[in-house]
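Report on one structure; see the data block that follows.
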Amino acid sequence: VRQPRLSGGPADPVSLGSEDNPFYHFSQKTKILEDSAFNCRAILVNERFWNKIRSSILDLLKDAGPLVMYELGLEYGFDMGYQGKSRARPKGNVLDLFTYYVMVSGWGRFEVSELKLKDGAPARKATVRVYNSFFANAAKSETGNPSCFFLSGLLAGLAEGAFSTGYNCLETKCVTAGDDYCEFVLTRRPGD
Ligand SMILES: [Zn+2]
């Protein structure tokens with residue numbers, strides 16, 4: 001069984017073949033897809049599945065939809081950040097683990113700026129750009145505003161889980177609103 005490299009990250013992820021995914025492993029014995037980064041079972045989800053869930057939640061919950069999507073992301077992101085923190089070492093490489101993990105998971109290419117640990121403490125502010133985001137493949141934004149609510153919450157939760165500090169996340173550019181990429185600004189919550 002191929003062992004994922006959780007620290008440092010592979011030198012050139014782009015050169016990986018499609019069957020060389022270091023995190024997902026289909027067991028011939030159990031016939032189950034396993035996620036070795038987070039030690040759990042996995043499924044593959046395509047954009048039809050995701051877009052149906054997203055549009056159903058937004059349609060059913062009306063004005064509360066965006067908040068519910070954000071909260072869903074927040075809960076999952078926190079769990080992911082917390083788990084990832086304990087698996088990635090040395091500590092600073094948790095960002096490498098996440099950006100690589102989400103890329104091979106098909107989420108898109110995440111570029112994180114400024115979120116470097118300074119004397120062991122996380123930065124007050126960070127910008128995350130997401131190119132070719134899976135989550136922005138849904139229908140066009142109806143309001144003209146950024147609408148990746150799930151991913152906004154997820155990034156806030158991930159930062160909180162990984163750095164034990166509360167963050168707010170605001171999406172400032174969005175593919176669904178006509179931008180070339182989605183951009184999220186993370187800011188530390190006052191008092192945290
Ligand atoms: Zn977006």
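Note on naming: chains are A, B, ... as they come in the structure tokens, residues start from 1 per chain, ligands start from 1 in the order shown.
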
Closest-contact table, chain A side, partner ligand 1, 10 Å, counting only C-alpha atoms and all ligand atoms, as a Markdown table:
```
| residue | atom | partner | partner_atom_place_in_ligand_line | distance |
| --- | --- | --- | --- | --- |
| A:Arg129 | CA | ligand 1 | 1 (Zn) | 9.5 |
| A:Val130 | CA | ligand 1 | 1 (Zn) | 8.1 |
| A:Tyr131 | CA | ligand 1 | 1 (Zn) | 9.5 |
| A:Asn132 | CA | ligand 1 | 1 (Zn) | 9.8 |
| A:Ser133 | CA | ligand 1 | 1 (Zn) | 7.4 |
| A:Phe134 | CA | ligand 1 | 1 (Zn) | 9.5 |
| A:Phe135 | CA | ligand 1 | 1 (Zn) | 7.2 |
| A:Ala136 | CA | ligand 1 | 1 (Zn) | 5.2 |
| A:Asn137 | CA | ligand 1 | 1 (Zn) | 8.9 |
| A:Ala138 | CA | ligand 1 | 1 (Zn) | 9.6 |
| A:Ser141 | CA | ligand 1 | 1 (Zn) | 9.1 |
| A:Asn145 | CA | ligand 1 | 1 (Zn) | 9.0 |
| A:Pro146 | CA | ligand 1 | 1 (Zn) | 5.4 |
| A:Ser147 | CA | ligand 1 | 1 (Zn) | 5.5 |
| A:Cys148 | CA | ligand 1 | 1 (Zn) | 4.3 |
| A:Phe149 | CA | ligand 1 | 1 (Zn) | 7.9 |
| A:Phe150 | CA | ligand 1 | 1 (Zn) | 9.5 |
| A:Leu151 | CA | ligand 1 | 1 (Zn) | 7.9 |
| A:Ser152 | CA | ligand 1 | 1 (Zn) | 8.5 |
| A:Glu171 | CA | ligand 1 | 1 (Zn) | 6.8 |
| A:Thr172 | CA | ligand 1 | 1 (Zn) | 8.4 |
| A:Lys173 | CA | ligand 1 | 1 (Zn) | 6.5 |
| A:Cys174 | CA | ligand 1 | 1 (Zn) | 3.6 |
| A:Val175 | CA | ligand 1 | 1 (Zn) | 5.2 |
| A:Thr176 | CA | ligand 1 | 1 (Zn) | 5.9 |
| A:Ala177 | CA | ligand 1 | 1 (Zn) | 7.6 |
| A:Gly178 | CA | ligand 1 | 1 (Zn) | 9.4 |
| A:Asp179 | CA | ligand 1 | 1 (Zn) | 8.5 |
| A:Asp180 | CA | ligand 1 | 1 (Zn) | 9.7 |
| A:Tyr181 | CA | ligand 1 | 1 (Zn) | 7.2 |
| A:Cys182 | CA | ligand 1 | 1 (Zn) | 4.4 |
| A:Glu183 | CA | ligand 1 | 1 (Zn) | 7.0 |
| A:Phe184 | CA | ligand 1 | 1 (Zn) | 8.3 |
```

Run DSSP on the backbone and tell me which residues of range 8-185 of chain A come out as helix (DSSP H, G or I); list them as an mmCIF file with N, CA, C and O atoms, in the first residue's frame.
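result20.cif written:
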```cif
data_model
loop_
_atom_site.group_PDB
_atom_site.id
_atom_site.type_symbol
_atom_site.label_atom_id
_atom_site.label_comp_id
_atom_site.auth_asym_id
_atom_site.auth_seq_id
_atom_site.Cartn_x
_atom_site.Cartn_y
_atom_site.Cartn_z
ATOM 1 N N PRO A 13 3.686 17.444 -7.537
ATOM 2 C CA PRO A 13 2.397 16.752 -7.562
ATOM 3 C C PRO A 13 1.811 16.659 -8.966
ATOM 4 O O PRO A 13 1.049 15.747 -9.269
ATOM 5 N N VAL A 14 2.172 17.616 -9.809
ATOM 6 C CA VAL A 14 1.590 17.669 -11.150
ATOM 7 C C VAL A 14 1.977 16.446 -11.971
ATOM 8 O O VAL A 14 1.273 16.020 -12.869
ATOM 9 N N SER A 15 3.135 15.853 -11.621
ATOM 10 C CA SER A 15 3.612 14.722 -12.409
ATOM 11 C C SER A 15 2.930 13.408 -12.031
ATOM 12 O O SER A 15 3.177 12.383 -12.633
ATOM 13 N N SER A 18 -2.935 9.432 -12.875
ATOM 14 C CA SER A 18 -4.265 9.381 -12.265
ATOM 15 C C SER A 18 -4.387 8.248 -11.251
ATOM 16 O O SER A 18 -5.188 8.304 -10.336
ATOM 17 N N GLU A 19 -3.584 7.188 -11.417
ATOM 18 C CA GLU A 19 -3.690 6.090 -10.459
ATOM 19 C C GLU A 19 -2.702 6.239 -9.315
ATOM 20 O O GLU A 19 -2.593 5.378 -8.460
ATOM 21 N N ASP A 20 -2.019 7.385 -9.304
ATOM 22 C CA ASP A 20 -1.008 7.603 -8.277
ATOM 23 C C ASP A 20 -1.501 8.491 -7.146
ATOM 24 O O ASP A 20 -0.715 9.142 -6.486
ATOM 25 N N GLU A 47 -19.942 16.712 -10.018
ATOM 26 C CA GLU A 47 -20.515 18.045 -9.866
ATOM 27 C C GLU A 47 -22.038 18.025 -9.943
ATOM 28 O O GLU A 47 -22.701 18.893 -9.376
ATOM 29 N N ARG A 48 -22.606 17.023 -10.591
ATOM 30 C CA ARG A 48 -24.070 16.951 -10.615
ATOM 31 C C ARG A 48 -24.618 16.723 -9.218
ATOM 32 O O ARG A 48 -25.591 17.327 -8.797
ATOM 33 N N PHE A 49 -23.968 15.810 -8.512
ATOM 34 C CA PHE A 49 -24.356 15.490 -7.139
ATOM 35 C C PHE A 49 -24.243 16.736 -6.259
ATOM 36 O O PHE A 49 -25.178 17.120 -5.567
ATOM 37 N N TRP A 50 -23.062 17.384 -6.315
ATOM 38 C CA TRP A 50 -22.829 18.559 -5.472
ATOM 39 C C TRP A 50 -23.788 19.706 -5.810
ATOM 40 O O TRP A 50 -24.370 20.330 -4.931
ATOM 41 N N ASN A 51 -23.964 19.968 -7.108
ATOM 42 C CA ASN A 51 -24.819 21.083 -7.502
ATOM 43 C C ASN A 51 -26.273 20.858 -7.089
ATOM 44 O O ASN A 51 -27.003 21.803 -6.781
ATOM 45 N N LYS A 52 -26.686 19.587 -7.075
ATOM 46 C CA LYS A 52 -28.053 19.275 -6.658
ATOM 47 C C LYS A 52 -28.223 19.552 -5.162
ATOM 48 O O LYS A 52 -29.221 20.120 -4.733
ATOM 49 N N ILE A 53 -27.252 19.133 -4.374
ATOM 50 C CA ILE A 53 -27.315 19.385 -2.934
ATOM 51 C C ILE A 53 -27.315 20.885 -2.657
ATOM 52 O O ILE A 53 -28.121 21.406 -1.890
ATOM 53 N N ARG A 54 -26.389 21.583 -3.327
ATOM 54 C CA ARG A 54 -26.262 23.022 -3.121
ATOM 55 C C ARG A 54 -27.549 23.759 -3.493
ATOM 56 O O ARG A 54 -28.080 24.541 -2.698
ATOM 57 N N SER A 55 -28.078 23.480 -4.675
ATOM 58 C CA SER A 55 -29.267 24.212 -5.110
ATOM 59 C C SER A 55 -30.483 23.832 -4.270
ATOM 60 O O SER A 55 -31.349 24.661 -4.011
ATOM 61 N N SER A 56 -30.546 22.582 -3.808
ATOM 62 C CA SER A 56 -31.670 22.179 -2.957
ATOM 63 C C SER A 56 -31.653 22.932 -1.641
ATOM 64 O O SER A 56 -32.685 23.431 -1.180
ATOM 65 N N ILE A 57 -30.484 23.020 -1.032
ATOM 66 C CA ILE A 57 -30.382 23.730 0.246
ATOM 67 C C ILE A 57 -30.740 25.201 0.064
ATOM 68 O O ILE A 57 -31.515 25.775 0.827
ATOM 69 N N LEU A 58 -30.191 25.826 -0.979
ATOM 70 C CA LEU A 58 -30.453 27.250 -1.199
ATOM 71 C C LEU A 58 -31.925 27.502 -1.542
ATOM 72 O O LEU A 58 -32.522 28.479 -1.083
ATOM 73 N N ASP A 59 -32.533 26.602 -2.312
ATOM 74 C CA ASP A 59 -33.948 26.776 -2.674
ATOM 75 C C ASP A 59 -34.864 26.561 -1.472
ATOM 76 O O ASP A 59 -35.816 27.302 -1.253
ATOM 77 N N LEU A 60 -34.571 25.508 -0.700
ATOM 78 C CA LEU A 60 -35.442 25.163 0.424
ATOM 79 C C LEU A 60 -35.357 26.167 1.564
ATOM 80 O O LEU A 60 -36.347 26.470 2.216
ATOM 81 N N LEU A 61 -34.166 26.681 1.802
ATOM 82 C CA LEU A 61 -33.971 27.518 2.989
ATOM 83 C C LEU A 61 -34.035 29.017 2.688
ATOM 84 O O LEU A 61 -33.913 29.835 3.596
ATOM 85 N N LYS A 62 -34.219 29.349 1.416
ATOM 86 C CA LYS A 62 -34.354 30.766 1.020
ATOM 87 C C LYS A 62 -33.219 31.633 1.599
ATOM 88 O O LYS A 62 -32.070 31.328 1.387
ATOM 89 N N ASP A 63 -33.602 32.681 2.352
ATOM 90 C CA ASP A 63 -32.605 33.634 2.856
ATOM 91 C C ASP A 63 -31.600 33.010 3.813
ATOM 92 O O ASP A 63 -30.488 33.513 3.977
ATOM 93 N N ALA A 64 -32.007 31.921 4.487
ATOM 94 C CA ALA A 64 -31.103 31.287 5.454
ATOM 95 C C ALA A 64 -30.116 30.348 4.761
ATOM 96 O O ALA A 64 -29.154 29.882 5.376
ATOM 97 N N GLY A 65 -30.331 30.084 3.481
ATOM 98 C CA GLY A 65 -29.502 29.129 2.749
ATOM 99 C C GLY A 65 -28.008 29.399 2.817
ATOM 100 O O GLY A 65 -27.228 28.518 3.180
ATOM 101 N N PRO A 66 -27.580 30.638 2.465
ATOM 102 C CA PRO A 66 -26.139 30.924 2.501
ATOM 103 C C PRO A 66 -25.514 30.687 3.870
ATOM 104 O O PRO A 66 -24.416 30.135 3.975
ATOM 105 N N LEU A 67 -26.237 31.079 4.933
ATOM 106 C CA LEU A 67 -25.701 30.897 6.280
ATOM 107 C C LEU A 67 -25.573 29.403 6.609
ATOM 108 O O LEU A 67 -24.574 28.968 7.194
ATOM 109 N N VAL A 68 -26.576 28.637 6.229
ATOM 110 C CA VAL A 68 -26.528 27.190 6.497
ATOM 111 C C VAL A 68 -25.361 26.551 5.743
ATOM 112 O O VAL A 68 -24.622 25.738 6.291
ATOM 113 N N MET A 69 -25.159 26.956 4.483
ATOM 114 C CA MET A 69 -24.031 26.430 3.715
ATOM 115 C C MET A 69 -22.705 26.798 4.388
ATOM 116 O O MET A 69 -21.783 25.990 4.466
ATOM 117 N N TYR A 70 -22.604 28.041 4.855
ATOM 118 C CA TYR A 70 -21.385 28.500 5.541
ATOM 119 C C TYR A 70 -21.141 27.661 6.802
ATOM 120 O O TYR A 70 -20.029 27.209 7.053
ATOM 121 N N GLU A 71 -22.201 27.428 7.569
ATOM 122 C CA GLU A 71 -22.070 26.658 8.811
ATOM 123 C C GLU A 71 -21.682 25.209 8.541
ATOM 124 O O GLU A 71 -20.919 24.605 9.292
ATOM 125 N N LEU A 72 -22.223 24.634 7.482
ATOM 126 C CA LEU A 72 -21.852 23.267 7.099
ATOM 127 C C LEU A 72 -20.357 23.191 6.818
ATOM 128 O O LEU A 72 -19.653 22.294 7.271
ATOM 129 N N GLY A 73 -19.881 24.178 6.037
ATOM 130 C CA GLY A 73 -18.460 24.229 5.712
ATOM 131 C C GLY A 73 -17.607 24.429 6.958
ATOM 132 O O GLY A 73 -16.570 23.803 7.131
ATOM 133 N N LEU A 74 -18.099 25.299 7.847
ATOM 134 C CA LEU A 74 -17.369 25.614 9.072
ATOM 135 C C LEU A 74 -17.160 24.362 9.927
ATOM 136 O O LEU A 74 -16.061 24.094 10.408
ATOM 137 N N GLU A 75 -18.210 23.596 10.097
ATOM 138 C CA GLU A 75 -18.140 22.381 10.914
ATOM 139 C C GLU A 75 -17.150 21.382 10.329
ATOM 140 O O GLU A 75 -16.296 20.832 11.025
ATOM 141 N N TYR A 76 -17.281 21.140 9.031
ATOM 142 C CA TYR A 76 -16.400 20.169 8.394
ATOM 143 C C TYR A 76 -14.969 20.679 8.343
ATOM 144 O O TYR A 76 -14.018 19.940 8.602
ATOM 145 N N GLY A 77 -14.812 21.974 8.037
ATOM 146 C CA GLY A 77 -13.477 22.558 7.956
ATOM 147 C C GLY A 77 -12.739 22.490 9.277
ATOM 148 O O GLY A 77 -11.542 22.197 9.328
ATOM 149 N N PHE A 78 -13.459 22.745 10.359
ATOM 150 C CA PHE A 78 -12.818 22.694 11.677
ATOM 151 C C PHE A 78 -12.277 21.296 11.956
ATOM 152 O O PHE A 78 -11.132 21.127 12.399
ATOM 153 N N ASP A 79 -13.089 20.314 11.673
ATOM 154 C CA ASP A 79 -12.689 18.922 11.878
ATOM 155 C C ASP A 79 -11.445 18.589 11.042
ATOM 156 O O ASP A 79 -10.479 18.011 11.516
ATOM 157 N N MET A 80 -11.489 19.031 9.786
ATOM 158 C CA MET A 80 -10.382 18.789 8.872
ATOM 159 C C MET A 80 -9.107 19.496 9.356
ATOM 160 O O MET A 80 -8.014 18.912 9.344
ATOM 161 N N GLY A 81 -9.243 20.744 9.794
ATOM 162 C CA GLY A 81 -8.087 21.499 10.273
ATOM 163 C C GLY A 81 -7.488 20.881 11.525
ATOM 164 O O GLY A 81 -6.269 20.772 11.660
ATOM 165 N N TYR A 82 -8.364 20.459 12.404
ATOM 166 C CA TYR A 82 -7.912 19.876 13.669
ATOM 167 C C TYR A 82 -7.181 18.556 13.443
ATOM 168 O O TYR A 82 -6.109 18.315 14.004
ATOM 169 N N GLN A 83 -7.750 17.712 12.586
ATOM 170 C CA GLN A 83 -7.131 16.425 12.265
ATOM 171 C C GLN A 83 -5.810 16.619 11.527
ATOM 172 O O GLN A 83 -4.821 15.938 11.794
ATOM 173 N N GLY A 84 -5.840 17.565 10.575
ATOM 174 C CA GLY A 84 -4.656 17.801 9.756
ATOM 175 C C GLY A 84 -3.489 18.313 10.579
ATOM 176 O O GLY A 84 -2.335 17.957 10.327
ATOM 177 N N LYS A 85 -3.806 19.124 11.577
ATOM 178 C CA LYS A 85 -2.761 19.690 12.428
ATOM 179 C C LYS A 85 -1.960 18.582 13.107
ATOM 180 O O LYS A 85 -0.741 18.641 13.196
ATOM 181 N N SER A 86 -2.663 17.557 13.572
ATOM 182 C CA SER A 86 -1.973 16.498 14.293
ATOM 183 C C SER A 86 -1.240 15.539 13.351
ATOM 184 O O SER A 86 -0.350 14.817 13.762
ATOM 185 N N ARG A 87 -1.620 15.548 12.066
ATOM 186 C CA ARG A 87 -0.977 14.631 11.126
ATOM 187 C C ARG A 87 0.203 15.241 10.389
ATOM 188 O O ARG A 87 1.105 14.536 9.969
ATOM 189 N N LYS A 91 5.051 21.433 12.087
ATOM 190 C CA LYS A 91 3.789 22.164 12.186
ATOM 191 C C LYS A 91 3.482 23.050 10.977
ATOM 192 O O LYS A 91 2.370 23.101 10.500
ATOM 193 N N GLY A 92 4.503 23.757 10.503
ATOM 194 C CA GLY A 92 4.292 24.717 9.420
ATOM 195 C C GLY A 92 3.793 24.088 8.130
ATOM 196 O O GLY A 92 3.250 24.761 7.283
ATOM 197 N N ASN A 93 3.973 22.774 7.988
ATOM 198 C CA ASN A 93 3.620 22.134 6.738
ATOM 199 C C ASN A 93 2.153 21.752 6.616
ATOM 200 O O ASN A 93 1.753 21.118 5.651
ATOM 201 N N VAL A 94 1.355 22.149 7.591
ATOM 202 C CA VAL A 94 -0.060 21.812 7.540
ATOM 203 C C VAL A 94 -0.712 22.432 6.300
ATOM 204 O O VAL A 94 -1.594 21.847 5.681
ATOM 205 N N LEU A 95 -0.219 23.612 5.886
ATOM 206 C CA LEU A 95 -0.775 24.251 4.690
ATOM 207 C C LEU A 95 -0.448 23.462 3.431
ATOM 208 O O LEU A 95 -1.270 23.340 2.535
ATOM 209 N N ASP A 96 0.777 22.916 3.375
ATOM 210 C CA ASP A 96 1.158 22.099 2.228
ATOM 211 C C ASP A 96 0.273 20.869 2.135
ATOM 212 O O ASP A 96 -0.160 20.461 1.059
ATOM 213 N N LEU A 97 0.009 20.270 3.295
ATOM 214 C CA LEU A 97 -0.841 19.088 3.317
ATOM 215 C C LEU A 97 -2.231 19.413 2.775
ATOM 216 O O LEU A 97 -2.748 18.716 1.906
ATOM 217 N N PHE A 98 -2.807 20.522 3.251
ATOM 218 C CA PHE A 98 -4.162 20.867 2.836
ATOM 219 C C PHE A 98 -4.243 21.206 1.355
ATOM 220 O O PHE A 98 -5.143 20.734 0.662
ATOM 221 N N THR A 99 -3.301 22.034 0.882
ATOM 222 C CA THR A 99 -3.389 22.445 -0.524
ATOM 223 C C THR A 99 -3.191 21.239 -1.448
ATOM 224 O O THR A 99 -3.832 21.140 -2.484
ATOM 225 N N TYR A 100 -2.336 20.317 -1.032
ATOM 226 C CA TYR A 100 -2.111 19.128 -1.847
ATOM 227 C C TYR A 100 -3.301 18.179 -1.761
ATOM 228 O O TYR A 100 -3.771 17.647 -2.774
ATOM 229 N N TYR A 101 -3.813 18.003 -0.564
ATOM 230 C CA TYR A 101 -4.952 17.104 -0.365
ATOM 231 C C TYR A 101 -6.178 17.577 -1.163
ATOM 232 O O TYR A 101 -6.823 16.789 -1.849
ATOM 233 N N VAL A 102 -6.482 18.876 -1.085
ATOM 234 C CA VAL A 102 -7.670 19.353 -1.793
ATOM 235 C C VAL A 102 -7.466 19.312 -3.309
ATOM 236 O O VAL A 102 -8.417 19.098 -4.056
ATOM 237 N N MET A 103 -6.210 19.464 -3.746
ATOM 238 C CA MET A 103 -5.969 19.399 -5.188
ATOM 239 C C MET A 103 -6.208 17.993 -5.722
ATOM 240 O O MET A 103 -6.918 17.815 -6.716
ATOM 241 N N VAL A 104 -5.657 16.989 -5.036
ATOM 242 C CA VAL A 104 -5.877 15.624 -5.536
ATOM 243 C C VAL A 104 -7.295 15.149 -5.241
ATOM 244 O O VAL A 104 -7.736 14.143 -5.791
ATOM 245 N N PHE A 134 -14.005 23.468 -7.885
ATOM 246 C CA PHE A 134 -15.121 22.544 -8.099
ATOM 247 C C PHE A 134 -16.428 23.166 -7.609
ATOM 248 O O PHE A 134 -17.480 23.015 -8.227
ATOM 249 N N PHE A 135 -16.341 23.890 -6.489
ATOM 250 C CA PHE A 135 -17.535 24.403 -5.830
ATOM 251 C C PHE A 135 -18.144 25.611 -6.547
ATOM 252 O O PHE A 135 -19.249 26.030 -6.238
ATOM 253 N N ALA A 136 -17.375 26.181 -7.472
ATOM 254 C CA ALA A 136 -17.897 27.330 -8.219
ATOM 255 C C ALA A 136 -18.444 26.902 -9.575
ATOM 256 O O ALA A 136 -18.767 27.735 -10.417
ATOM 257 N N PHE A 149 -20.505 29.898 -0.494
ATOM 258 C CA PHE A 149 -20.722 29.984 0.958
ATOM 259 C C PHE A 149 -20.098 28.796 1.690
ATOM 260 O O PHE A 149 -19.533 28.940 2.771
ATOM 261 N N PHE A 150 -20.240 27.614 1.088
ATOM 262 C CA PHE A 150 -19.699 26.410 1.725
ATOM 263 C C PHE A 150 -18.184 26.512 1.880
ATOM 264 O O PHE A 150 -17.631 26.261 2.951
ATOM 265 N N LEU A 151 -17.521 26.930 0.804
ATOM 266 C CA LEU A 151 -16.063 27.017 0.839
ATOM 267 C C LEU A 151 -15.589 28.134 1.774
ATOM 268 O O LEU A 151 -14.568 27.983 2.456
ATOM 269 N N SER A 152 -16.331 29.234 1.847
ATOM 270 C CA SER A 152 -15.987 30.305 2.795
ATOM 271 C C SER A 152 -15.975 29.775 4.219
ATOM 272 O O SER A 152 -15.024 29.977 4.970
ATOM 273 N N GLY A 153 -17.043 29.067 4.577
ATOM 274 C CA GLY A 153 -17.125 28.507 5.924
ATOM 275 C C GLY A 153 -16.044 27.482 6.166
ATOM 276 O O GLY A 153 -15.429 27.433 7.238
ATOM 277 N N LEU A 154 -15.810 26.681 5.147
ATOM 278 C CA LEU A 154 -14.804 25.629 5.289
ATOM 279 C C LEU A 154 -13.416 26.200 5.563
ATOM 280 O O LEU A 154 -12.682 25.698 6.424
ATOM 281 N N LEU A 155 -13.060 27.279 4.859
ATOM 282 C CA LEU A 155 -11.738 27.879 5.069
ATOM 283 C C LEU A 155 -11.632 28.500 6.464
ATOM 284 O O LEU A 155 -10.593 28.384 7.121
ATOM 285 N N ALA A 156 -12.715 29.138 6.927
ATOM 286 C CA ALA A 156 -12.711 29.707 8.274
ATOM 287 C C ALA A 156 -12.547 28.597 9.309
ATOM 288 O O ALA A 156 -11.759 28.714 10.250
ATOM 289 N N GLY A 157 -13.274 27.503 9.124
ATOM 290 C CA GLY A 157 -13.197 26.381 10.062
ATOM 291 C C GLY A 157 -11.839 25.716 10.030
ATOM 292 O O GLY A 157 -11.271 25.355 11.067
ATOM 293 N N LEU A 158 -11.299 25.578 8.834
ATOM 294 C CA LEU A 158 -10.002 24.941 8.677
ATOM 295 C C LEU A 158 -8.907 25.728 9.410
ATOM 296 O O LEU A 158 -8.089 25.162 10.131
ATOM 297 N N ALA A 159 -8.949 27.057 9.241
ATOM 298 C CA ALA A 159 -7.955 27.898 9.910
ATOM 299 C C ALA A 159 -8.121 27.817 11.424
ATOM 300 O O ALA A 159 -7.136 27.722 12.166
ATOM 301 N N GLU A 160 -9.369 27.793 11.876
ATOM 302 C CA GLU A 160 -9.614 27.719 13.309
ATOM 303 C C GLU A 160 -9.159 26.373 13.880
ATOM 304 O O GLU A 160 -8.531 26.319 14.941
ATOM 305 N N GLY A 161 -9.459 25.307 13.154
ATOM 306 C CA GLY A 161 -9.065 23.976 13.618
ATOM 307 C C GLY A 161 -7.558 23.789 13.634
ATOM 308 O O GLY A 161 -6.999 23.172 14.534
ATOM 309 N N ALA A 162 -6.894 24.352 12.618
ATOM 310 C CA ALA A 162 -5.455 24.143 12.492
ATOM 311 C C ALA A 162 -4.654 25.050 13.414
ATOM 312 O O ALA A 162 -3.587 24.672 13.893
ATOM 313 N N PHE A 163 -5.167 26.261 13.678
ATOM 314 C CA PHE A 163 -4.374 27.230 14.427
ATOM 315 C C PHE A 163 -4.974 27.590 15.785
ATOM 316 O O PHE A 163 -4.462 28.472 16.480
ATOM 317 N N VAL A 175 -15.859 33.157 -9.216
ATOM 318 C CA VAL A 175 -16.072 32.726 -10.593
ATOM 319 C C VAL A 175 -17.558 32.822 -10.967
ATOM 320 O O VAL A 175 -17.899 33.206 -12.084
ATOM 321 N N THR A 176 -18.437 32.523 -10.001
ATOM 322 C CA THR A 176 -19.874 32.568 -10.314
ATOM 323 C C THR A 176 -20.358 33.992 -10.556
ATOM 324 O O THR A 176 -21.430 34.205 -11.099
ATOM 325 N N ALA A 177 -19.546 34.977 -10.126
ATOM 326 C CA ALA A 177 -19.902 36.380 -10.357
ATOM 327 C C ALA A 177 -19.071 36.989 -11.489
ATOM 328 O O ALA A 177 -19.047 38.210 -11.662
#
```

Handout entry: Nearest to Ile43 in chain A, chosen from A:Gln28, A:Ser105, A:Thr143, A:Ser113, with only C-alpha atoms counted in the distances
Key = A:Ser105

Practice task
Give me every strand (DSSP E or B) residue in range 15-188 of chain A, going by DSSP on the backbone, as number ranges by chain.
Solution key: A: 24-27, 32-35, 40-41, 109-113, 118, 121, 125-131, 167-173, 182-188

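Comparing the minimum interatomic distances between Val128 in chain A and each of A:Arg189, A:Lys31, A:Lys140, A:Arg109, counting only C-alpha atoms, we find that A:Arg109 sits nearest.
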